[in-house]
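> Quick one: the structure is below, and I'll ask about it shortly.
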Amino acid sequence: MKIFSKEQIYQADKLTTERQSISSTDLMERAGTQIFNWMHLRMQGVQVPIHVFCGIGNNGGDGLVLARHLILDGYQVTVYIVNYGDKRSKDFLVNYDRIKSITKKWPVLIKNIDDFPDIHPDDIIVDAIFGIGLNRPVDDWVKALFQHFKISKAFTLSIDIPSGLRTDKVPSDENGVVWAGYTLSFASPKLVFFLPETAKYTEQWEVLDIGLDRDFLFTTTTEADLIGKPEVLSMYMPRDKFSHKGQFGHSLIIGGSYGKIGAVVLASKAALSAGAGLVTSYIPKCGYTILQSAFPEAMVITDDNEKVISDITFDIEPTVIGFGVGVGTNEKTMTALEAFLKVNKTPLVIDADGINILSKKPELFKLLPKDTILTPHPKELERLLGSWKDDFDKLRKAKAFSKEYEVILVVKGAHSITVYQDKLYVNTSGNPGLATAGSGDVLTGIITGLVSQGYNPLIATVFGVYLHGKSADIAVEDYGYQSLIASHIIDYLGAAYLDLFKQQEQPAQEDNS
């Protein structure tokens, strides 16, 4: 699914009215009607007090259309006009007149704190105050209204975007944003629904189709794409009946140090479970017995050093190399990595202390092969990029870094974002159970295993991040968030693959014969 920018949505609106020969008022009618249909399907006429708060722009116009349909269908509705300025949009005025024509209970004007209505916890609030066009600070009394919503504990439904939230900026004052229980977003979700600092303003969201121009929606390239099951299913490469292990590559996992051999076990197992034909683990001598015992499917090469990686030499020809899990930052290891990078031509996936070593010696970035994949956790990312002022600044720096060194970067989080050049791929799978030791090692192994099979590095990263999260989503049903461990992610990886091909269950049809 594409995540359109504010400017692209405006362009889509304009093209839709031109190509479909409709007015902007007609398009607003569509939007408000779709919101009504969504609410009516769920409420079925239940008499709950509904407070519809409308601004004086087009978002408020959408709210007026919704309120008119709710009133005509017999719902218990009170409409409020949040009078935060003097300028009203044309389509707002049209729908203001329309609602006055169908009810004697005209909209209530709110212009300061004294006008705030009583709202009870069992009521419903519809927030149609500000849309995506907000470009100025919210007045203090309007902030107080937003807090009035929050204190009431009533269910709050926002139209298109929670009022006060910008599409391209983190709020400086969280009191200046509506905290929505649900947001109905037109055409596509907004990027702010997925960023750590802004996702909290809506607990859930859903996209409504308001009939925007299909050609524009299908052909327009967006900065960000939302990655779910339909997107990754198209990435999947099926296997031929006569396939053999030699066709799916040889993954080499280089890592480990005294006390951290488990990281290599996890990454190696994950690479093989993701589909690599062969896996070799390259470790210090101290890990030999551990690897051979814990993971008999792997081949093992040991460094001459007992406790750390001190020299990276091997006589195999791997398809891809995963480096860094549990490797440590010993001086000998840093020297070994530098010497290796100067001669290496094999695709790389680098994680953990591999990234920390690169951050200590930034000149090594220029030695990375094109499309090297980096999978840092947040602190490691900060060592790569430097500090950032907010989530948007972090993404700007990640894109600049990706372009400068021609690498693929995974920005981990509840919605991990794969960054490549100027493009963002926002993942939808995963849960808090992934906040556990070794989870990142498993991700490194999965991505390495996908590259090994012949997946393009970018596709392998996007697909791998999704599979990693989906495996945890399935595993958490058996283990819960707290008891999920990294090994479970590997154990359920097969289920994550199978889930790609599961059809969504359709509700049973009633037999009226």
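Chain labels follow the order of the structure tokens: the first chain is A, the next B, and so on; residue numbering restarts at 1 in every chain, and ligands are counted from 1 in their shown order.
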Which polymer residues have any atom within 10 Å of an atom of stretch 36-39 of chain A, counting only C-alpha atoms, with same-chain residues fewer than 3 positions away left out, as a short mmCIF file (atom, residue, chain, number, x, y, z; two decimals) with C-alpha atoms, in the first residue's frame?

```cif
data_model
loop_
_atom_site.label_atom_id
_atom_site.label_comp_id
_atom_site.auth_asym_id
_atom_site.auth_seq_id
_atom_site.Cartn_x
_atom_site.Cartn_y
_atom_site.Cartn_z
CA ARG A 30 -18.50 11.12 -0.92
CA ALA A 31 -16.04 11.40 1.95
CA GLY A 32 -18.66 12.22 4.57
CA THR A 33 -20.98 9.52 3.27
CA ARG A 42 -21.05 -0.73 13.38
CA MET A 43 -23.74 1.14 15.32
CA GLN A 44 -26.90 -0.08 13.56
CA GLY A 45 -28.97 2.78 14.93
CA GLY A 63 -17.86 16.38 9.51
CA VAL A 65 -21.76 15.84 5.75
CA LEU A 66 -21.38 12.99 8.25
CA ALA A 67 -23.55 14.77 10.83
CA ARG A 68 -26.31 15.41 8.26
CA HIS A 69 -26.50 11.73 7.35
CA LEU A 70 -26.46 10.69 11.02
CA ASP A 73 -30.89 8.33 9.94
CA LEU A 157 -13.08 9.08 16.04
CA LEU A 184 -10.53 7.02 9.24
CA LEU A 208 -11.58 4.70 3.38
#
```
> For the structure I just gave you, how does DSSP split stretch 168-308 of chain A - specifically, which residues are alpha helix (DSSP H)? Reply as a ChimeraX atom specification.
/A:214-219,229-233,261-274,288-294
> Kindly provide the residues of stretch 372-467 of chain A that approach stretch 191-200 of chain A to within 10 Å, each paired with its closest atom pair and their distance in Å to one decimal, based on only C-alpha atoms, listed by chain and increasing number, as JSON lines.

```
{"residue": "A:Asp390", "atom": "CA", "partner": "A:Glu197", "partner_atom": "CA", "distance": 7.7}
{"residue": "A:Asp391", "atom": "CA", "partner": "A:Leu195", "partner_atom": "CA", "distance": 6.7}
{"residue": "A:Phe392", "atom": "CA", "partner": "A:Leu195", "partner_atom": "CA", "distance": 8.5}
{"residue": "A:Leu395", "atom": "CA", "partner": "A:Leu195", "partner_atom": "CA", "distance": 10.0}
{"residue": "A:Gly413", "atom": "CA", "partner": "A:Pro196", "partner_atom": "CA", "distance": 7.5}
{"residue": "A:Ala414", "atom": "CA", "partner": "A:Pro196", "partner_atom": "CA", "distance": 7.6}
{"residue": "A:His415", "atom": "CA", "partner": "A:Phe194", "partner_atom": "CA", "distance": 6.0}
{"residue": "A:Ser416", "atom": "CA", "partner": "A:Phe194", "partner_atom": "CA", "distance": 8.9}
{"residue": "A:Ile417", "atom": "CA", "partner": "A:Phe194", "partner_atom": "CA", "distance": 9.2}
{"residue": "A:Leu424", "atom": "CA", "partner": "A:Leu191", "partner_atom": "CA", "distance": 9.9}
{"residue": "A:Val426", "atom": "CA", "partner": "A:Phe194", "partner_atom": "CA", "distance": 7.7}
{"residue": "A:Asn427", "atom": "CA", "partner": "A:Phe194", "partner_atom": "CA", "distance": 8.9}
{"residue": "A:Thr428", "atom": "CA", "partner": "A:Phe194", "partner_atom": "CA", "distance": 8.8}
```
> With only C-alpha atoms as the atoms that count, which of A:Asp173, A:Asp62, A:Asp240, A:Asp13 lies nearest to A:Glu29?
A:Asp62
> Would you compute the distance between atom CA of A:Tyr282 and atom CA of A:Tyr492? Give it in Å to one decimal.
25.3 Å
> Skipping near chain neighbours, those fewer than 4 positions away, what residues fall within 8 Å of A:Glu306 using only C-alpha atoms, listed as a PyMOL selection string?
chain A and resi 284-286
> As a VMD selection string, please: every residue in stretch 169-230 of chain A that DSSP puts in strand (DSSP E).
chain A and resid 180 to 186 202 to 208 224 to 227
> Do you know which residues are at most 10 Å from A:Pro117 counting only C-alpha atoms, after dropping those on the same chain fewer than 5 positions away, and could you put them as an mmCIF file with N, CA and C atoms, in the first residue's frame?

```
data_model
loop_
_atom_site.group_PDB
_atom_site.id
_atom_site.type_symbol
_atom_site.label_atom_id
_atom_site.label_comp_id
_atom_site.auth_asym_id
_atom_site.auth_seq_id
_atom_site.Cartn_x
_atom_site.Cartn_y
_atom_site.Cartn_z
ATOM 1 N N HIS A 51 -21.172 13.513 19.489
ATOM 2 C CA HIS A 51 -20.761 14.914 19.424
ATOM 3 C C HIS A 51 -19.841 15.081 18.210
ATOM 4 N N THR A 78 -25.257 15.963 18.157
ATOM 5 C CA THR A 78 -25.073 17.396 18.372
ATOM 6 C C THR A 78 -23.860 17.832 17.570
ATOM 7 N N TYR A 80 -21.082 20.801 16.568
ATOM 8 C CA TYR A 80 -20.411 21.988 17.093
ATOM 9 C C TYR A 80 -19.488 22.557 16.012
ATOM 10 N N VAL A 108 -23.844 24.256 17.161
ATOM 11 C CA VAL A 108 -23.493 25.119 18.290
ATOM 12 C C VAL A 108 -22.120 25.728 18.026
ATOM 13 N N ILE A 110 -18.645 27.193 19.056
ATOM 14 C CA ILE A 110 -17.689 27.168 20.171
ATOM 15 C C ILE A 110 -16.562 28.135 19.854
ATOM 16 N N LEU A 145 -9.747 22.335 24.403
ATOM 17 C CA LEU A 145 -10.840 21.501 23.911
ATOM 18 C C LEU A 145 -10.358 20.064 23.679
ATOM 19 N N HIS A 148 -10.150 18.436 26.854
ATOM 20 C CA HIS A 148 -11.524 18.160 27.294
ATOM 21 C C HIS A 148 -11.998 16.822 26.722
#
```
> Using only C-alpha atoms, which protein or nucleic acid residues come within 10 Å of A:Val94? Drop anything in the same chain fewer than 2 positions from it, and give the result as a VMD selection string.
chain A and resid 25 61 64 to 65 89 to 92 96 to 99
> Nearest to A:Ala267 among A:Thr17, A:Gln8, A:Thr418, A:Thr444, with distances taken over only C-alpha atoms: which residue is it?
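Answer, going by the shortest atom-to-atom distance: A:Thr444.
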> Atom CA of A:Val465 and atom CA of A:Asp393 are how many Å apart?
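Going from atom CA of A:Val465 over to atom CA of A:Asp393 covers 22.4 Å.
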> Taking only C-alpha atoms into account, which of A:Ile474, A:Leu409, A:Tyr201, A:Leu443 comes nearest A:Asn431?
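The closest residue to A:Asn431 is A:Ile474.
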> Within 7 Å of A:Val264, counting only C-alpha atoms, which residues show up once you throw out same-chain ones fewer than 5 positions away? Write them as a PyMOL selection string, please.
chain A and resi 253+255-256+325-326
> Take atom CA of A:Gly430 and atom CA of A:Gly464 and report the distance between them in Å, one decimal.
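Taking atom CA of A:Gly430 as the start and atom CA of A:Gly464 as the end point, the length is 11.8 Å.
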> Using only C-alpha atoms, find the one residue out of A:Val419, A:Ile132, A:Ile71, A:Leu266 that sits nearest to A:Lys403.
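Of A:Val419, A:Ile132, A:Ile71, A:Leu266, the one nearest A:Lys403, counting only C-alpha atoms, is A:Val419.
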> I'd like the contact shell of A:Ser243 - 12 Å cut-off, only C-alpha atoms, skipping same-chain residues fewer than 6 positions apart - returned as an MDAnalysis selection string.
chainID A and resid 249 275 277 453
